[in-house]
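What's in run-v1.pdb: PDB, C-alpha atoms and all ligand atoms
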ATOM      1  CA  MET A   1      37.930-135.062 -83.977  1.00  0.00           C
ATOM      2  CA  ILE A   2      39.164-136.017 -80.518  1.00  0.00           C
ATOM      3  CA  THR A   3      42.601-136.633 -82.000  1.00  0.00           C
ATOM      4  CA  ILE A   4      42.724-133.154 -83.531  1.00  0.00           C
ATOM      5  CA  LEU A   5      41.751-131.589 -80.194  1.00  0.00           C
ATOM      6  CA  PHE A   6      44.395-133.641 -78.457  1.00  0.00           C
ATOM      7  CA  VAL A   7      47.039-132.482 -80.926  1.00  0.00           C
ATOM      8  CA  LEU A   8      45.918-128.864 -80.517  1.00  0.00           C
ATOM      9  CA  VAL A   9      46.204-129.116 -76.735  1.00  0.00           C
ATOM     10  CA  ILE A  10      49.722-130.492 -77.029  1.00  0.00           C
ATOM     11  CA  VAL A  11      50.752-127.829 -79.547  1.00  0.00           C
ATOM     12  CA  ALA A  12      49.326-125.112 -77.259  1.00  0.00           C
ATOM     13  CA  ALA A  13      51.230-126.540 -74.290  1.00  0.00           C
ATOM     14  CA  VAL A  14      54.490-126.649 -76.241  1.00  0.00           C
ATOM     15  CA  VAL A  15      54.008-123.070 -77.468  1.00  0.00           C
ATOM     16  CA  ALA A  16      53.187-121.886 -73.937  1.00  0.00           C
ATOM     17  CA  MET A  17      56.286-123.618 -72.582  1.00  0.00           C
ATOM     18  CA  GLY A  18      58.428-122.008 -75.278  1.00  0.00           C
ATOM     19  CA  LEU A  19      57.044-118.544 -74.527  1.00  0.00           C
ATOM     20  CA  LYS A  20      57.612-119.038 -70.822  1.00  0.00           C
ATOM     21  CA  ARG A  21      61.183-120.133 -71.409  1.00  0.00           C
ATOM     22  CA  ARG A  22      61.781-117.127 -73.677  1.00  0.00           C
ATOM     23  CA  ALA A  23      60.344-114.734 -71.091  1.00  0.00           C
ATOM     24  CA  LYS A  24      62.584-116.288 -68.464  1.00  0.00           C
ATOM     25  CA  ALA A  25      65.651-115.939 -70.690  1.00  0.00           C
ATOM     26  CA  GLN A  26      64.746-112.296 -71.351  1.00  0.00           C
ATOM     27  CA  ALA A  27      64.319-111.599 -67.641  1.00  0.00           C
ATOM     28  CA  ARG A  28      67.701-113.188 -66.985  1.00  0.00           C
ATOM     29  CA  ARG A  29      69.348-111.097 -69.707  1.00  0.00           C
ATOM     30  CA  ALA A  30      67.704-107.959 -68.333  1.00  0.00           C
ATOM     31  CA  SER A  31      69.002-108.791 -64.869  1.00  0.00           C
ATOM     32  CA  PHE A  32      72.550-108.557 -66.241  1.00  0.00           C
ATOM     33  CA  ALA A  33      71.870-105.010 -67.461  1.00  0.00           C
ATOM     34  CA  GLY A  34      70.919-101.879 -65.576  1.00  0.00           C
ATOM     35  CA  PRO A  35      72.562 -99.926 -62.755  1.00  0.00           C
ATOM     36  CA  GLY A  36      75.807-101.435 -61.504  1.00  0.00           C
ATOM     37  CA  SER A  37      76.060-104.091 -64.211  1.00  0.00           C
ATOM     38  CA  SER A  38      79.250-102.675 -65.745  1.00  0.00           C
ATOM     39  CA  PRO A  39      81.818 -99.907 -65.178  1.00  0.00           C
ATOM     40  CA  GLU A  40      79.742 -97.721 -67.543  1.00  0.00           C
ATOM     41  CA  GLU A  41      76.677 -98.339 -65.385  1.00  0.00           C
ATOM     42  CA  ALA A  42      78.502 -97.987 -62.059  1.00  0.00           C
ATOM     43  CA  ILE A  43      76.394 -96.747 -59.181  1.00  0.00           C
ATOM     44  CA  ALA A  44      77.727 -93.566 -57.609  1.00  0.00           C
ATOM     45  CA  ILE A  45      77.984 -93.917 -53.843  1.00  0.00           C
ATOM     46  CA  ARG A  46      78.658 -91.320 -51.177  1.00  0.00           C
ATOM     47  CA  SER A  47      79.514 -93.823 -48.480  1.00  0.00           C
ATOM     48  CA  PHE A  48      80.021 -97.545 -48.105  1.00  0.00           C
ATOM     49  CA  ALA A  49      76.693 -97.659 -46.283  1.00  0.00           C
ATOM     50  CA  ASP A  50      75.061 -96.687 -49.616  1.00  0.00           C
ATOM     51  CA  MET A  51      76.775 -99.667 -51.162  1.00  0.00           C
ATOM     52  CA  ASP A  52      75.534-102.024 -48.450  1.00  0.00           C
ATOM     53  CA  ASP A  53      71.992-100.669 -48.832  1.00  0.00           C
ATOM     54  CA  GLU A  54      72.067-101.220 -52.570  1.00  0.00           C
ATOM     55  CA  LEU A  55      73.423-104.763 -52.241  1.00  0.00           C
ATOM     56  CA  ARG A  56      70.853-105.654 -49.607  1.00  0.00           C
ATOM     57  CA  ARG A  57      68.072-104.603 -51.985  1.00  0.00           C
ATOM     58  CA  ARG A  58      69.192-106.992 -54.690  1.00  0.00           C
ATOM     59  CA  HIS A  59      67.284-110.188 -55.187  1.00  0.00           C
ATOM     60  CA  CYS A  60      68.016-113.097 -57.457  1.00  0.00           C
ATOM     61  CA  LEU A  61      65.571-114.045 -60.213  1.00  0.00           C
ATOM     62  CA  CYS A  62      64.611-117.079 -58.140  1.00  0.00           C
ATOM     63  CA  GLY A  63      63.388-114.727 -55.406  1.00  0.00           C
ATOM     64  CA  ALA A  64      66.153-115.422 -52.919  1.00  0.00           C
ATOM     65  CA  ARG A  65      68.313-112.662 -51.538  1.00  0.00           C
ATOM     66  CA  PHE A  66      71.842-112.449 -52.860  1.00  0.00           C
ATOM     67  CA  SER A  67      74.679-112.786 -50.420  1.00  0.00           C
ATOM     68  CA  VAL A  68      77.925-110.889 -50.915  1.00  0.00           C
ATOM     69  CA  ALA A  69      80.600-113.407 -51.857  1.00  0.00           C
ATOM     70  CA  GLY A  70      83.403-110.907 -52.136  1.00  0.00           C
ATOM     71  CA  GLU A  71      84.462-107.353 -52.809  1.00  0.00           C
ATOM     72  CA  GLY A  72      87.356-105.838 -54.598  1.00  0.00           C
ATOM     73  CA  THR A  73      88.696-102.798 -56.337  1.00  0.00           C
ATOM     74  CA  ARG A  74      89.010-102.708 -60.095  1.00  0.00           C
ATOM     75  CA  ASP A  75      90.442-100.109 -62.421  1.00  0.00           C
ATOM     76  CA  ALA A  76      88.736 -99.540 -65.742  1.00  0.00           C
ATOM     77  CA  GLY A  77      89.191 -96.683 -68.174  1.00  0.00           C
ATOM     78  CA  GLY A  78      91.425 -94.760 -65.791  1.00  0.00           C
ATOM     79  CA  ARG A  79      88.834 -94.863 -63.028  1.00  0.00           C
ATOM     80  CA  SER A  80      88.672 -96.924 -59.898  1.00  0.00           C
ATOM     81  CA  PHE A  81      85.624 -98.970 -59.037  1.00  0.00           C
ATOM     82  CA  ARG A  82      84.482-101.011 -56.111  1.00  0.00           C
ATOM     83  CA  VAL A  83      83.090-104.309 -57.337  1.00  0.00           C
ATOM     84  CA  ALA A  84      80.908-106.558 -55.221  1.00  0.00           C
ATOM     85  CA  ARG A  85      80.354-110.150 -56.201  1.00  0.00           C
ATOM     86  CA  LEU A  86      76.889-111.393 -55.348  1.00  0.00           C
ATOM     87  CA  TYR A  87      76.014-115.020 -55.077  1.00  0.00           C
ATOM     88  CA  CYS A  88      72.701-116.826 -54.772  1.00  0.00           C
ATOM     89  CA  ASP A  89      72.846-119.827 -52.461  1.00  0.00           C
ATOM     90  CA  GLU A  90      69.572-121.146 -53.861  1.00  0.00           C
ATOM     91  CA  CYS A  91      70.360-121.405 -57.566  1.00  0.00           C
ATOM     92  CA  ASP A  92      74.107-120.658 -57.909  1.00  0.00           C
ATOM     93  CA  GLU A  93      73.438-117.468 -59.884  1.00  0.00           C
ATOM     94  CA  SER A  94      76.100-114.795 -59.496  1.00  0.00           C
ATOM     95  CA  ARG A  95      76.400-111.118 -60.380  1.00  0.00           C
ATOM     96  CA  GLU A  96      78.973-108.377 -60.189  1.00  0.00           C
ATOM     97  CA  VAL A  97      77.866-104.917 -59.146  1.00  0.00           C
ATOM     98  CA  TYR A  98      80.039-101.900 -59.947  1.00  0.00           C
ATOM     99  CA  PHE A  99      80.194 -98.846 -57.729  1.00  0.00           C
ATOM    100  CA  ASP A 100      81.773 -95.526 -58.576  1.00  0.00           C
ATOM    101  CA  THR A 101      83.854 -94.585 -55.531  1.00  0.00           C
ATOM    102  CA  SER A 102      85.044 -91.244 -56.914  1.00  0.00           C
ATOM    103  CA  THR A 103      81.899 -89.719 -55.386  1.00  0.00           C
ATOM    104  CA  LEU A 104      82.736 -90.973 -51.879  1.00  0.00           C
ATOM    105  CA  LEU A 105      82.629 -88.374 -49.126  1.00  0.00           C
ATOM    106  CA  GLN A 106      85.797 -88.752 -47.119  1.00  0.00           C
TER
HETATM  107 ZN    ZN A 201      68.728-117.553 -57.127  1.00  0.00          ZN
END
Kindly transcribe the structure held in the file into structure tokens.
Amino acid sequence: MITILFVLVIVAAVVAMGLKRRAKAQARRASFAGPGSSPEEAIAIRSFADMDDELRRRHCLCGARFSVAGEGTRDAGGRSFRVARLYCDECDESREVYFDTSTLLQ
């Protein structure tokens, strides 16, 4: 009887660990989607201050704040985008965020 309980506890722990890992993987996948994740999802900005604000708001999944590792311009589908590369010093995670600069007020 004790043995069966013991086995059940272990099975429950393994299942819980698997679910947790799956939830984490899903959260990570989701963090690669959404606004700014691709040229199609580019965030329209009116000024570069908007871009800085947006980048400052971004946090890594580990909870740390991303730092901006670099910025560049990229052309895709006949449009020009500003791309910021974010980097997490805590866990080495990185992201690219696309901004639509055609809406810039000059
Ligand atoms: Zn991180």
What does the PyMOL selection byres (((not hetatm)) within 6 of (chain A and resi 201)) select in this file, as a PDB file with C-alpha atoms, in the coordinates of the input?
ATOM      1  CA  CYS A  60      68.016-113.097 -57.457  1.00  0.00           C
ATOM      2  CA  LEU A  61      65.571-114.045 -60.213  1.00  0.00           C
ATOM      3  CA  CYS A  62      64.611-117.079 -58.140  1.00  0.00           C
ATOM      4  CA  ALA A  64      66.153-115.422 -52.919  1.00  0.00           C
ATOM      5  CA  CYS A  88      72.701-116.826 -54.772  1.00  0.00           C
ATOM      6  CA  GLU A  90      69.572-121.146 -53.861  1.00  0.00           C
ATOM      7  CA  CYS A  91      70.360-121.405 -57.566  1.00  0.00           C
ATOM      8  CA  GLU A  93      73.438-117.468 -59.884  1.00  0.00           C
TER       9      GLU A  93
END
Worksheet entry | Protein and nucleic acid residues near (81.7, -113.2, -48.6) (cut-off 9 Å, all atoms listed in the file) as a ChimeraX atom specification | /A:67-71,85-87
Within 6 Å of (78.2, -92.2, -56.2), only C-alpha atoms: residues as a PyMOL selection string? chain A and resi 43-46+100+103
On this file, the PyMOL selection byres (((chain A and resi 55) around 9) and not hetatm) gives some set of residues; write that set as a compact mmCIF listing (two decimals) with C-alpha atoms, in the coordinates of the input.
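Saved result, result07.txt, follows:
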# COMPACT_ATOMS: atom_id res chain seq x y z
CA ASP A 50 75.06 -96.69 -49.62
CA MET A 51 76.78 -99.67 -51.16
CA ASP A 52 75.53 -102.02 -48.45
CA ASP A 53 71.99 -100.67 -48.83
CA GLU A 54 72.07 -101.22 -52.57
CA ARG A 56 70.85 -105.65 -49.61
CA ARG A 57 68.07 -104.60 -51.98
CA ARG A 58 69.19 -106.99 -54.69
CA HIS A 59 67.28 -110.19 -55.19
CA PHE A 66 71.84 -112.45 -52.86
CA SER A 67 74.68 -112.79 -50.42
CA VAL A 68 77.92 -110.89 -50.92
CA ALA A 84 80.91 -106.56 -55.22
CA LEU A 86 76.89 -111.39 -55.35
CA VAL A 97 77.87 -104.92 -59.15
Atom pair atom CA of Asp92 of chain A + atom CA of Pro35 of chain A, distance 21.3 Å
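Across the model, the gap from atom CA of Glu40 of chain A to atom CA of Arg65 of chain A is 24.7 Å.
Taken over the whole file, the PyMOL selection byres (((chain A and resi 73) around 12) and not hetatm) covers exactly Pro39, Gly70, Glu71, Gly72, Arg74, Asp75, Ala76, Arg79, Ser80, Phe81, Arg82, Val83, Ala84, Arg85, Glu96, Val97, Tyr98, Phe99, Asp100 and Thr101 of chain A.
Separating atom CA of Arg28 of chain A from atom CA of Ser47 of chain A is a distance of 29.3 Å.
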